[in-house]
$ cat protein.csv   # CSV, C-alpha atoms
chain,number,residue,atom,x,y,z
A,40,MET,CA,32.0,-22.0,-30.2
A,41,LYS,CA,28.7,-23.6,-31.1
A,42,GLU,CA,26.2,-21.5,-32.9
A,43,LYS,CA,23.6,-19.8,-30.8
A,44,ARG,CA,20.2,-18.3,-31.3
A,45,ILE,CA,18.9,-14.9,-30.1
A,46,SER,CA,15.6,-14.9,-28.3
A,47,PHE,CA,13.9,-11.5,-28.4
A,48,GLY,CA,10.3,-11.2,-27.4
A,49,GLN,CA,7.8,-9.3,-25.3
A,50,GLY,CA,7.6,-10.1,-21.6
A,51,LYS,CA,4.6,-10.0,-19.3
A,52,GLY,CA,5.8,-7.0,-17.4
A,53,SER,CA,6.2,-7.9,-13.7
A,54,LEU,CA,8.5,-5.6,-11.8
A,55,THR,CA,8.1,-7.6,-8.6
A,56,HIS,CA,9.5,-10.6,-10.4
A,57,ASN,CA,12.2,-8.8,-12.2
A,58,ASN,CA,13.5,-7.1,-9.0
A,59,ARG,CA,13.1,-10.3,-7.0
A,60,VAL,CA,10.5,-8.9,-4.6
A,61,PHE,CA,8.8,-12.2,-5.4
A,62,ILE,CA,11.1,-15.2,-6.0
A,63,ALA,CA,9.9,-17.9,-8.4
A,64,ASP,CA,10.6,-21.6,-8.0
A,65,ASN,CA,13.1,-21.6,-10.8
A,66,VAL,CA,15.3,-19.0,-9.2
A,67,ASP,CA,18.6,-20.0,-7.4
A,68,ARG,CA,18.4,-17.9,-4.3
A,69,GLU,CA,22.2,-18.2,-3.7
A,70,ARG,CA,22.8,-16.5,-7.1
A,71,ILE,CA,20.4,-13.6,-6.7
A,72,LYS,CA,23.3,-11.4,-5.6
A,73,ASP,CA,24.9,-12.0,-9.1
A,74,ASN,CA,22.1,-10.2,-10.9
A,75,ILE,CA,22.9,-6.9,-12.5
A,76,THR,CA,20.5,-4.0,-12.1
A,77,PHE,CA,21.0,-1.2,-14.6
A,78,ILE,CA,18.1,0.9,-13.3
A,79,ALA,CA,15.2,0.4,-10.8
A,80,GLN,CA,13.2,3.6,-10.8
A,81,PRO,CA,9.8,3.4,-9.2
A,82,ILE,CA,7.1,3.7,-11.9
A,83,GLN,CA,5.4,6.6,-10.1
A,84,GLU,CA,8.6,8.5,-10.2
A,85,ALA,CA,9.2,7.7,-13.8
A,86,TYR,CA,5.7,9.0,-14.8
A,87,GLN,CA,6.2,12.2,-12.8
A,88,HIS,CA,9.5,12.7,-14.6
A,89,LEU,CA,8.1,12.1,-18.0
A,90,PHE,CA,4.7,13.7,-17.8
A,91,GLY,CA,4.6,16.0,-14.7
A,92,GLU,CA,5.5,19.2,-16.5
A,93,ALA,CA,3.2,18.4,-19.4
A,94,VAL,CA,0.3,18.0,-17.0
A,95,GLU,CA,1.1,21.4,-15.5
A,96,ARG,CA,1.1,23.0,-19.0
A,97,HIS,CA,-2.2,21.2,-19.8
A,98,ASN,CA,-3.9,22.4,-16.6
A,99,ALA,CA,-2.7,26.0,-17.1
A,100,GLN,CA,-4.5,26.1,-20.5
A,101,GLN,CA,-7.8,24.8,-19.2
A,102,LYS,CA,-10.6,27.1,-18.0
A,103,ARG,CA,-12.8,24.4,-16.6
A,104,ASN,CA,-11.7,22.5,-13.5
A,105,ALA,CA,-13.4,19.3,-14.9
A,106,ARG,CA,-10.7,19.1,-17.6
A,107,LYS,CA,-7.8,19.3,-15.2
A,108,PHE,CA,-6.1,16.4,-13.5
A,109,ASP,CA,-3.1,16.0,-11.1
A,110,ASP,CA,-1.7,12.6,-12.1
A,111,TYR,CA,-1.2,11.4,-15.7
A,112,TYR,CA,-1.1,7.7,-14.8
A,113,LYS,CA,-4.3,7.7,-12.7
A,114,HIS,CA,-6.0,9.9,-15.4
A,115,VAL,CA,-5.2,7.4,-18.2
A,116,PHE,CA,-5.5,4.0,-16.4
A,117,LYS,CA,-8.2,5.0,-13.8
A,118,ARG,CA,-6.4,3.3,-10.9
A,119,ASP,CA,-3.4,3.6,-8.6
A,120,TYR,CA,0.1,2.7,-9.7
A,121,SER,CA,0.9,-1.0,-10.3
A,122,ASN,CA,4.1,-3.0,-10.7
A,123,ASN,CA,2.4,-5.0,-13.4
A,124,VAL,CA,1.4,-3.9,-16.9
A,125,ILE,CA,-2.0,-2.2,-17.0
A,126,GLN,CA,-3.9,-1.5,-20.1
A,127,SER,CA,-6.2,1.5,-20.5
A,128,ASN,CA,-9.7,1.5,-22.2
A,129,ASN,CA,-8.0,3.1,-25.2
A,130,GLY,CA,-5.4,0.3,-25.5
A,131,GLU,CA,-2.3,2.1,-24.0
A,132,LYS,CA,-0.1,0.0,-21.7
A,133,SER,CA,1.3,1.5,-18.6
A,134,PHE,CA,4.7,0.2,-19.7
A,135,TYR,CA,6.3,-2.4,-22.1
A,136,GLU,CA,8.7,-5.2,-21.3
A,137,ASP,CA,11.1,-7.1,-23.6
A,138,ILE,CA,13.3,-10.0,-22.9
A,139,MET,CA,16.6,-10.6,-24.7
A,140,GLN,CA,18.5,-13.9,-24.4
A,141,ILE,CA,21.4,-15.5,-26.2
A,142,GLY,CA,21.5,-19.3,-26.4
A,143,LYS,CA,19.6,-21.7,-24.2
A,144,MET,CA,20.3,-23.9,-21.2
A,145,GLU,CA,21.9,-26.7,-23.3
A,146,ASP,CA,24.6,-24.4,-24.7
A,147,THR,CA,24.8,-21.3,-22.5
A,148,ALA,CA,23.9,-22.4,-19.0
A,149,CYS,CA,24.8,-19.9,-16.2
A,150,GLY,CA,28.2,-20.7,-14.7
A,151,THR,CA,29.8,-21.7,-18.0
A,152,PRO,CA,32.3,-19.8,-20.1
A,153,ASP,CA,29.8,-19.2,-22.8
A,154,ALA,CA,27.4,-17.7,-20.3
A,155,GLU,CA,30.0,-15.2,-19.3
A,156,ILE,CA,30.4,-14.1,-22.9
A,157,ALA,CA,26.6,-13.9,-23.3
A,158,LYS,CA,26.5,-11.8,-20.2
A,159,GLU,CA,29.0,-9.3,-21.6
A,160,CYS,CA,27.0,-9.1,-24.9
A,161,LEU,CA,23.7,-8.4,-23.0
A,162,ILE,CA,25.4,-5.7,-20.9
A,163,GLU,CA,26.8,-4.0,-24.0
A,164,TYR,CA,23.3,-4.2,-25.6
A,165,MET,CA,21.6,-2.6,-22.6
A,166,ASN,CA,24.2,0.1,-22.2
A,167,GLY,CA,23.4,1.4,-25.7
A,168,PHE,CA,19.6,0.9,-25.7
A,169,GLN,CA,18.5,4.3,-24.3
A,170,GLU,CA,20.7,6.2,-26.8
A,171,ARG,CA,19.4,4.2,-29.7
A,172,ASN,CA,15.8,4.6,-28.5
A,173,PRO,CA,15.3,8.1,-27.1
A,174,ASN,CA,11.5,7.8,-27.1
A,175,PHE,CA,11.5,4.5,-25.0
A,176,TYR,CA,12.2,5.7,-21.5
A,177,VAL,CA,13.8,2.7,-19.6
A,178,PHE,CA,12.9,2.9,-15.9
A,179,ASN,CA,13.7,-0.8,-15.0
A,180,ALA,CA,16.3,-3.1,-16.4
A,181,VAL,CA,17.8,-6.3,-14.8
A,182,LEU,CA,20.1,-9.0,-16.1
A,183,HIS,CA,19.2,-12.2,-14.5
A,184,LEU,CA,22.0,-14.6,-13.7
A,185,ASP,CA,20.2,-16.6,-11.1
A,186,GLU,CA,18.2,-18.8,-13.5
A,187,ALA,CA,19.1,-21.4,-16.1
A,188,THR,CA,20.4,-19.0,-18.8
A,189,PRO,CA,21.5,-15.3,-18.7
A,190,HIS,CA,18.7,-13.1,-20.0
A,191,LEU,CA,17.8,-9.5,-19.9
A,192,HIS,CA,14.4,-7.9,-18.8
A,193,PHE,CA,14.1,-4.2,-19.7
A,194,ASP,CA,10.9,-2.2,-19.1
A,195,TYR,CA,10.2,1.1,-20.8
A,196,ILE,CA,7.5,3.8,-21.2
A,197,PRO,CA,7.0,5.0,-24.8
A,198,VAL,CA,6.9,8.8,-25.1
A,199,GLY,CA,5.2,10.7,-27.9
A,200,HIS,CA,4.9,14.4,-28.5
A,201,TYR,CA,1.9,16.3,-29.8
A,202,GLU,CA,0.9,19.9,-30.7
A,203,GLY,CA,-2.3,21.7,-29.7
A,204,LYS,CA,-4.3,22.4,-26.6
A,205,LYS,CA,-4.4,18.8,-25.4
A,206,LEU,CA,-1.6,17.1,-23.4
A,207,ASP,CA,1.6,17.7,-25.5
A,208,THR,CA,3.5,14.7,-24.0
A,209,ARG,CA,1.8,11.3,-23.7
A,210,ASN,CA,2.3,7.5,-23.4
A,211,SER,CA,2.1,6.4,-27.1
A,212,ILE,CA,4.1,3.6,-28.6
A,213,SER,CA,2.9,4.4,-32.1
A,214,ARG,CA,4.0,8.1,-31.9
A,215,ALA,CA,7.3,7.1,-30.2
A,216,LEU,CA,8.1,4.6,-33.0
A,217,GLU,CA,7.2,7.2,-35.6
A,218,GLU,CA,9.4,9.9,-34.0
A,219,MET,CA,12.3,7.4,-33.9
A,220,GLY,CA,12.0,6.8,-37.7
A,221,PHE,CA,10.2,3.5,-37.9
A,222,GLY,CA,7.1,4.8,-39.6
A,223,TYR,CA,3.5,4.5,-38.7
A,224,GLY,CA,1.2,1.4,-38.6
A,225,LYS,CA,1.4,-2.3,-37.8
A,226,GLN,CA,4.8,-2.7,-39.4
A,227,SER,CA,6.5,-0.1,-37.3
A,228,ILE,CA,7.1,-2.4,-34.2
A,229,ALA,CA,8.3,-5.2,-36.5
A,230,LYS,CA,10.8,-2.8,-38.1
A,231,TRP,CA,12.0,-1.7,-34.7
A,232,ARG,CA,12.4,-5.3,-33.5
A,233,GLU,CA,14.3,-6.2,-36.7
A,234,ARG,CA,16.7,-3.3,-36.0
A,235,GLU,CA,17.3,-4.3,-32.4
A,236,TRP,CA,17.8,-7.9,-33.3
A,237,GLY,CA,20.4,-6.8,-35.8
A,238,VAL,CA,22.2,-4.7,-33.1
A,239,MET,CA,22.3,-7.8,-30.8
A,240,HIS,CA,23.5,-9.9,-33.7
A,241,GLN,CA,26.4,-7.6,-34.4
A,242,ILE,CA,27.4,-7.5,-30.7
A,243,CYS,CA,27.5,-11.2,-30.6
A,244,LEU,CA,29.6,-11.4,-33.7
A,245,ASN,CA,32.0,-8.9,-32.1
A,246,HIS,CA,32.4,-11.2,-29.1
A,247,GLY,CA,33.0,-14.3,-31.2
A,248,ILE,CA,29.5,-15.8,-31.0
A,249,GLU,CA,28.1,-17.1,-34.2
A,250,ILE,CA,24.3,-16.6,-34.5
A,251,ALA,CA,22.4,-19.5,-36.1
A,252,ARG,CA,19.5,-19.1,-38.5
A,253,PRO,CA,16.0,-19.8,-37.0
A,254,GLU,CA,15.1,-23.4,-36.5
A,255,LYS,CA,14.5,-25.5,-39.7
A,256,ARG,CA,10.7,-25.1,-39.5
A,257,HIS,CA,11.2,-21.3,-39.7
A,258,GLU,CA,13.8,-21.3,-42.5
A,259,SER,CA,11.3,-19.9,-45.0
A,260,MET,CA,10.7,-16.9,-42.7
A,261,THR,CA,12.4,-13.6,-43.0
A,262,VAL,CA,14.1,-12.0,-40.0
A,263,GLN,CA,11.2,-9.6,-39.6
A,264,GLU,CA,8.6,-12.5,-39.7
A,265,TYR,CA,10.7,-14.5,-37.3
A,266,LYS,CA,10.6,-11.6,-34.8
A,267,GLN,CA,6.8,-11.5,-35.0
A,268,TYR,CA,6.6,-15.2,-34.4
A,269,LYS,CA,4.9,-15.5,-31.0
A,270,ASP,CA,6.3,-18.9,-29.9
A,271,THR,CA,9.8,-17.6,-29.0
A,272,GLN,CA,11.8,-19.1,-26.3
A,273,ALA,CA,11.8,-15.8,-24.4
A,274,GLN,CA,8.0,-15.7,-24.4
A,275,ARG,CA,7.9,-19.3,-23.1
A,276,ILE,CA,10.3,-18.3,-20.3
A,277,ALA,CA,8.1,-15.3,-19.5
A,278,GLU,CA,5.0,-17.6,-19.3
A,279,GLU,CA,6.8,-20.1,-17.0
A,280,GLU,CA,8.1,-17.3,-14.8
A,281,LYS,CA,4.6,-15.8,-14.5
A,282,LEU,CA,3.2,-19.1,-13.4
A,283,SER,CA,6.0,-19.7,-10.9
A,284,GLU,CA,5.5,-16.1,-9.6
A,285,LEU,CA,1.8,-16.7,-9.0
A,286,LYS,CA,2.5,-19.9,-7.1
A,287,GLN,CA,5.2,-18.2,-5.1
A,288,GLN,CA,2.9,-15.3,-4.4
A,289,ARG,CA,0.3,-17.7,-3.0
A,290,VAL,CA,2.9,-19.3,-0.7
A,291,ILE,CA,4.0,-15.8,0.5
A,292,GLU,CA,0.4,-14.8,1.2
A,293,GLU,CA,-0.2,-17.9,3.2
A,294,HIS,CA,3.0,-17.2,5.1
A,295,MET,CA,2.0,-13.6,5.8
A,296,LEU,CA,-1.4,-14.8,7.2
A,297,LYS,CA,0.5,-17.2,9.6
A,298,GLU,CA,2.8,-14.3,10.6
A,299,ALA,CA,-0.2,-12.1,11.2
A,300,SER,CA,-1.8,-14.7,13.4
A,301,SER,CA,1.5,-15.2,15.3
A,302,LEU,CA,1.8,-11.4,15.8
A,303,THR,CA,-1.7,-11.2,17.2
A,304,THR,CA,-0.8,-13.8,19.8
A,305,LYS,CA,2.4,-12.0,20.6
A,306,ILE,CA,0.5,-8.7,21.1
A,307,LYS,CA,-2.0,-10.4,23.4
A,308,ASN,CA,0.7,-11.8,25.5
A,309,ILE,CA,2.9,-8.7,25.5
A,310,ASP,CA,2.4,-8.2,29.3
A,311,ASN,CA,4.0,-11.6,29.9
A,312,ILE,CA,7.2,-10.8,28.1
A,313,GLU,CA,10.3,-11.1,30.3
A,314,THR,CA,13.4,-9.3,29.3
A,315,GLY,CA,16.9,-10.0,30.5
A,316,LYS,CA,20.2,-8.2,30.2
A,317,THR,CA,22.1,-8.6,26.9
A,318,LEU,CA,25.4,-7.4,25.7
A,319,PHE,CA,23.6,-4.2,24.7
A,320,GLY,CA,21.8,-3.8,28.0
A,321,GLY,CA,18.1,-4.5,28.9
A,322,LYS,CA,16.8,-4.2,25.3
A,323,VAL,CA,14.7,-6.5,23.2
A,324,THR,CA,15.2,-6.7,19.4
A,325,VAL,CA,12.1,-7.0,17.3
A,326,SER,CA,11.5,-6.8,13.5
A,327,SER,CA,10.4,-3.5,12.0
A,328,GLU,CA,7.0,-4.9,11.2
A,329,GLU,CA,6.5,-6.1,14.8
A,330,TYR,CA,7.9,-2.7,16.1
A,331,GLU,CA,5.3,-0.8,14.0
A,332,ASN,CA,2.5,-3.0,15.2
A,333,LEU,CA,3.6,-2.6,18.9
A,334,VAL,CA,3.8,1.2,18.5
A,335,ASN,CA,0.3,1.3,17.0
A,336,LEU,CA,-0.9,-0.9,19.9
A,337,ALA,CA,0.8,1.3,22.4
A,338,LYS,CA,-0.9,4.4,20.9
A,339,ARG,CA,-4.3,2.7,21.1
A,340,GLN,CA,-3.6,1.7,24.7
A,341,VAL,CA,-2.6,5.3,25.6
A,342,ALA,CA,-5.8,6.5,24.0
A,343,ASP,CA,-7.9,4.0,25.9
A,344,VAL,CA,-6.1,4.9,29.2
A,345,THR,CA,-6.7,8.6,28.5
A,346,LYS,CA,-10.4,7.9,27.9
A,347,GLU,CA,-10.6,5.7,31.0
A,348,LYS,CA,-8.9,8.4,33.1
A,349,LYS,CA,-11.4,11.0,31.8
A,350,ALA,CA,-14.3,8.7,32.7
A,351,VAL,CA,-12.9,8.1,36.2
A,352,LYS,CA,-12.5,11.8,36.7
A,353,GLU,CA,-16.1,12.4,35.7
A,354,ASN,CA,-17.2,9.6,37.9
A,355,GLU,CA,-15.4,11.0,40.9
A,356,GLN,CA,-17.0,14.4,40.3
A,357,LEU,CA,-20.5,12.8,40.3
A,358,LYS,CA,-19.6,10.9,43.5
A,359,LYS,CA,-18.8,14.2,45.1
A,360,GLU,CA,-22.1,15.7,44.0
A,361,VAL,CA,-24.0,12.6,45.2
A,362,ALA,CA,-22.2,12.8,48.6
A,363,ALA,CA,-23.0,16.5,48.9
A,364,LEU,CA,-26.7,15.9,48.1
A,365,THR,CA,-26.8,13.0,50.5
A,366,LYS,CA,-25.2,15.1,53.3
A,367,GLN,CA,-27.7,17.9,52.6
A,368,ASN,CA,-30.6,15.4,52.5
A,369,THR,CA,-29.4,13.9,55.9
A,370,ALA,CA,-29.4,17.3,57.5
A,371,MET,CA,-32.8,18.1,56.1
A,372,SER,CA,-34.2,14.8,57.3
A,373,ALA,CA,-32.9,15.5,60.8
A,374,GLU,CA,-34.5,19.0,60.7
A,375,LEU,CA,-37.8,17.5,59.4
A,376,ASP,CA,-37.8,15.0,62.3
A,377,GLU,CA,-37.3,17.9,64.6
A,378,LEU,CA,-40.3,19.7,63.0
A,379,LYS,CA,-42.5,16.6,63.3
A,380,LYS,CA,-42.2,16.6,67.1
A,381,PRO,CA,-45.3,17.7,69.0
A,382,LYS,CA,-45.7,21.5,69.2
A,383,PRO,CA,-47.2,23.6,71.9
A,384,ALA,CA,-50.9,24.2,71.4
A,385,THR,CA,-50.4,27.8,70.8
A,386,MET,CA,-47.8,29.4,68.3
A,387,SER,CA,-47.0,32.9,67.8
A,388,ILE,CA,-47.4,34.5,64.4
A,389,LYS,CA,-43.6,34.7,64.1
A,390,THR,CA,-43.3,31.0,64.6
A,391,LEU,CA,-46.0,30.2,62.1
A,392,LYS,CA,-44.3,32.3,59.4
A,393,GLU,CA,-41.0,30.6,60.1
A,394,GLU,CA,-42.6,27.2,59.8
A,395,ASP,CA,-44.3,28.2,56.5
A,396,ARG,CA,-40.9,29.3,55.2
A,397,LYS,CA,-39.2,26.1,56.2
A,398,MET,CA,-42.0,24.1,54.6
A,399,ARG,CA,-41.6,25.9,51.3
A,400,GLU,CA,-37.9,25.4,51.5
A,401,ARG,CA,-38.3,21.7,52.1
A,402,GLU,CA,-40.6,21.4,49.1
A,403,GLY,CA,-37.9,23.1,46.9
A,404,ILE,CA,-35.2,20.8,48.2
A,405,LYS,CA,-37.5,17.8,47.6
A,406,SER,CA,-38.0,18.9,43.9
A,407,LYS,CA,-34.2,19.4,43.4
A,408,LEU,CA,-33.4,16.1,45.0
A,409,LYS,CA,-35.8,14.3,42.7
A,410,LYS,CA,-34.2,15.9,39.7
A,411,ALA,CA,-30.8,15.0,40.9
A,412,GLU,CA,-31.9,11.4,41.4
A,413,SER,CA,-33.3,11.2,37.9
A,414,PHE,CA,-30.0,12.6,36.5
A,415,ILE,CA,-27.9,10.1,38.5
A,416,GLU,CA,-30.1,7.2,37.4
A,417,ALA,CA,-29.8,8.4,33.7
A,418,CYS,CA,-26.0,8.4,34.0
A,419,GLY,CA,-26.0,4.8,35.2
A,420,LEU,CA,-24.7,5.7,38.7
A,421,TYR,CA,-27.8,4.9,40.7
A,422,ASP,CA,-26.0,1.9,42.4
A,423,GLU,CA,-23.2,4.2,43.4
A,424,TYR,CA,-25.7,6.7,44.8
A,425,GLN,CA,-27.5,3.9,46.8
A,426,ARG,CA,-24.2,3.3,48.6
A,427,TYR,CA,-24.0,6.9,49.7
A,428,ARG,CA,-27.6,7.7,50.6
A,429,PRO,CA,-28.8,7.3,54.2
A,430,ASN,CA,-30.3,4.1,55.4
A,431,THR,CA,-34.0,5.0,55.0
A,432,LYS,CA,-37.0,2.9,54.1
A,433,ASN,CA,-38.0,4.9,51.0
A,434,ARG,CA,-36.5,7.2,48.4
A,435,ASN,CA,-38.0,10.3,49.8
A,436,TYR,CA,-35.9,10.2,52.9
A,437,GLY,CA,-38.8,11.4,55.1
A,438,LEU,CA,-39.7,14.3,53.0
A,439,GLU,CA,-43.2,13.1,52.4

$ encode --input "protein.csv" --output "structure tokens"
Amino acid sequence: MKEKRISFGQGKGSLTHNNRVFIADNVDRERIKDNITFIAQPIQEAYQHLFGEAVERHNAQQKRNARKFDDYYKHVFKRDYSNNVIQSNNGEKSFYEDIMQIGKMEDTACGTPDAEIAKECLIEYMNGFQERNPNFYVFNAVLHLDEATPHLHFDYIPVGHYEGKKLDTRNSISRALEEMGFGYGKQSIAKWREREWGVMHQICLNHGIEIARPEKRHESMTVQEYKQYKDTQAQRIAEEEKLSELKQQRVIEEHMLKEASSLTTKIKNIDNIETGKTLFGGKVTVSSEEYENLVNLAKRQVADVTKEKKAVKENEQLKKEVAALTKQNTAMSAELDELKKPKPATMSIKTLKEEDRKMREREGIKSKLKKAESFIEACGLYDEYQRYRPNTKNRNYGLE
């Protein structure tokens, strides 16, 4: 077997890419099913698992509410959870990602016997990672077999422990490396990478893969220096994948906009949908997204119908009141006409008192009628009222 090189570098940290929520151009969609997922825990769940109890202990010790907080991630990174790496103002990263690869497309292409051996080596490496690195909590790890060469993405949250009144468990890569025995300072991460590279090297040897020295231009470098070298193949792969992901995301967003436009048209034309009998009866099958939108539309329509029914009911009540007032006014107008008829020259005292009473009563009804008309007009129902009032020449219906 031809000598191969180990590529081990830091990835950009995109869970949506790793888990194929977004599919880059260099991915063979037919082979996505061949990928191996070791773990795919939501980042929010991982943070709660790691720091939830520590937050409770911290809050229990605080006397001032201003020093308490509910969510460690939001407290540190000042934003909601993200599937991409986020950096805090103090330099902490929400998680770290590394990429491990054996060989390259020219000598370990997916689908070849060498790629199968490389896959077994990467599986063995990942299965032992958490035990070797207890302070690096792996919450997402995927072996990609749908691109040119098998490679491993693993994402982890570094966990450090502290003493004192402050939070006793935190996201801290420096403390995590120190607790795992790699010292403190800039060289600690280099020592850790050298150890992990050595583990992968030994696994490859056990599977019959001879690992070559770094390329000629790096022969003067030590293994440690080589691990720190930024221009590794894994990093180039990560850059290319990130670019492809951004392009794919743009395509997906454009597609989603078209779907939203199409869905709007469907909702507008929903009354024209004709359904026929199928093998399962008179049912129509729609996507979950369309179903949710239709349910929301139905709820809004029910609310509108309820509101409309209430308005109709109020309108009917006003119509009844208008009709009653109109009827009363008609009766009073007839009575007034009767009173306006010529009277005998002489009237008894009893008759005069009765007429005076009726006059006062008419004045009271006139005042109430004017108030009712003002209220009807303010409610915007004057046109309705006009249709119900008697056919008189003025709005006073003969009361003046």

$ residues_around --input "protein.csv" --residues "Thr147 (chain A)" --least-positions-apart "6" --cutoff "7 Å" --atoms "all atoms listed in the file" --output "PyMOL selection string"
chain A and resi 153-154+188

$ closest_residue --input "protein.csv" --among "A:Leu206, A:Leu391, A:Leu182, A:Val238" --to "Phe168 (chain A)" --atoms "only C-alpha atoms"
A:Val238

$ residues_around --input "protein.csv" --residues "region 103-118 of chain A" --least-positions-apart "2" --cutoff "8 Å" --atoms "only C-alpha atoms" --output "ChimeraX atom specification"
/A:86-87,90-91,94,97-98,101,120,125-128,133

$ closest_residue --input "protein.csv" --among "A:Arg399, A:Arg214, A:Lys230, A:Lys43" --to "Phe175 (chain A)" --atoms "only C-alpha atoms"
A:Arg214

$ atom_distance --input "protein.csv" --atom1 "CA of Met139 (chain A)" --atom2 "CA of Ile45 (chain A)"
7.3 Å

$ closest_atom_pairs --input "protein.csv" --of "region 84-171 of chain A" --to "region 52-66 of chain A" --cutoff "7 Å" --atoms "only C-alpha atoms" --output "CSV"
residue,atom,partner,partner_atom,distance
A:Asn122,CA,A:Leu54,CA,5.2
A:Asn123,CA,A:Ser53,CA,4.8
A:Val124,CA,A:Gly52,CA,5.4
A:Tyr135,CA,A:Gly52,CA,6.6
A:Glu136,CA,A:Gly52,CA,5.2

$ build_atoms --input "protein.csv" --residues "region 131-143 of chain A" --atoms "N, CA, C and O atoms" --output "short mmCIF file (atom, residue, chain, number, x, y, z; two decimals), in the coordinates of the input"
data_model
loop_
_atom_site.label_atom_id
_atom_site.label_comp_id
_atom_site.auth_asym_id
_atom_site.auth_seq_id
_atom_site.Cartn_x
_atom_site.Cartn_y
_atom_site.Cartn_z
N GLU A 131 -3.72 1.82 -24.40
CA GLU A 131 -2.30 2.10 -24.00
C GLU A 131 -1.95 1.18 -22.83
O GLU A 131 -2.75 0.84 -21.98
N LYS A 132 -0.68 0.79 -22.83
CA LYS A 132 -0.10 0.00 -21.70
C LYS A 132 0.68 0.89 -20.83
O LYS A 132 1.36 1.80 -21.30
N SER A 133 0.62 0.60 -19.55
CA SER A 133 1.30 1.50 -18.60
C SER A 133 2.84 1.41 -18.84
O SER A 133 3.54 2.40 -18.62
N PHE A 134 3.36 0.26 -19.27
CA PHE A 134 4.70 0.20 -19.70
C PHE A 134 4.88 -1.11 -20.56
O PHE A 134 3.98 -1.95 -20.61
N TYR A 135 6.01 -1.24 -21.24
CA TYR A 135 6.30 -2.40 -22.10
C TYR A 135 7.53 -3.10 -21.56
O TYR A 135 8.44 -2.46 -21.02
N GLU A 136 7.56 -4.40 -21.72
CA GLU A 136 8.70 -5.20 -21.30
C GLU A 136 9.18 -6.07 -22.44
O GLU A 136 8.37 -6.72 -23.09
N ASP A 137 10.49 -6.11 -22.67
CA ASP A 137 11.10 -7.10 -23.60
C ASP A 137 12.12 -7.90 -22.93
O ASP A 137 12.74 -7.47 -21.93
N ILE A 138 12.31 -9.11 -23.43
CA ILE A 138 13.30 -10.00 -22.90
C ILE A 138 14.28 -10.40 -23.99
O ILE A 138 13.88 -10.78 -25.09
N MET A 139 15.56 -10.26 -23.69
CA MET A 139 16.60 -10.60 -24.70
C MET A 139 17.48 -11.71 -24.06
O MET A 139 17.93 -11.61 -22.91
N GLN A 140 17.69 -12.76 -24.85
CA GLN A 140 18.50 -13.90 -24.40
C GLN A 140 19.34 -14.44 -25.53
O GLN A 140 18.91 -14.45 -26.68
N ILE A 141 20.54 -14.89 -25.18
CA ILE A 141 21.40 -15.50 -26.20
C ILE A 141 21.62 -16.96 -25.78
O ILE A 141 22.02 -17.28 -24.66
N GLY A 142 21.34 -17.85 -26.71
CA GLY A 142 21.50 -19.30 -26.40
C GLY A 142 20.39 -19.80 -25.56
O GLY A 142 19.38 -19.15 -25.30
N LYS A 143 20.62 -21.03 -25.08
CA LYS A 143 19.60 -21.70 -24.20
C LYS A 143 20.39 -22.51 -23.17
O LYS A 143 21.63 -22.55 -23.16
#
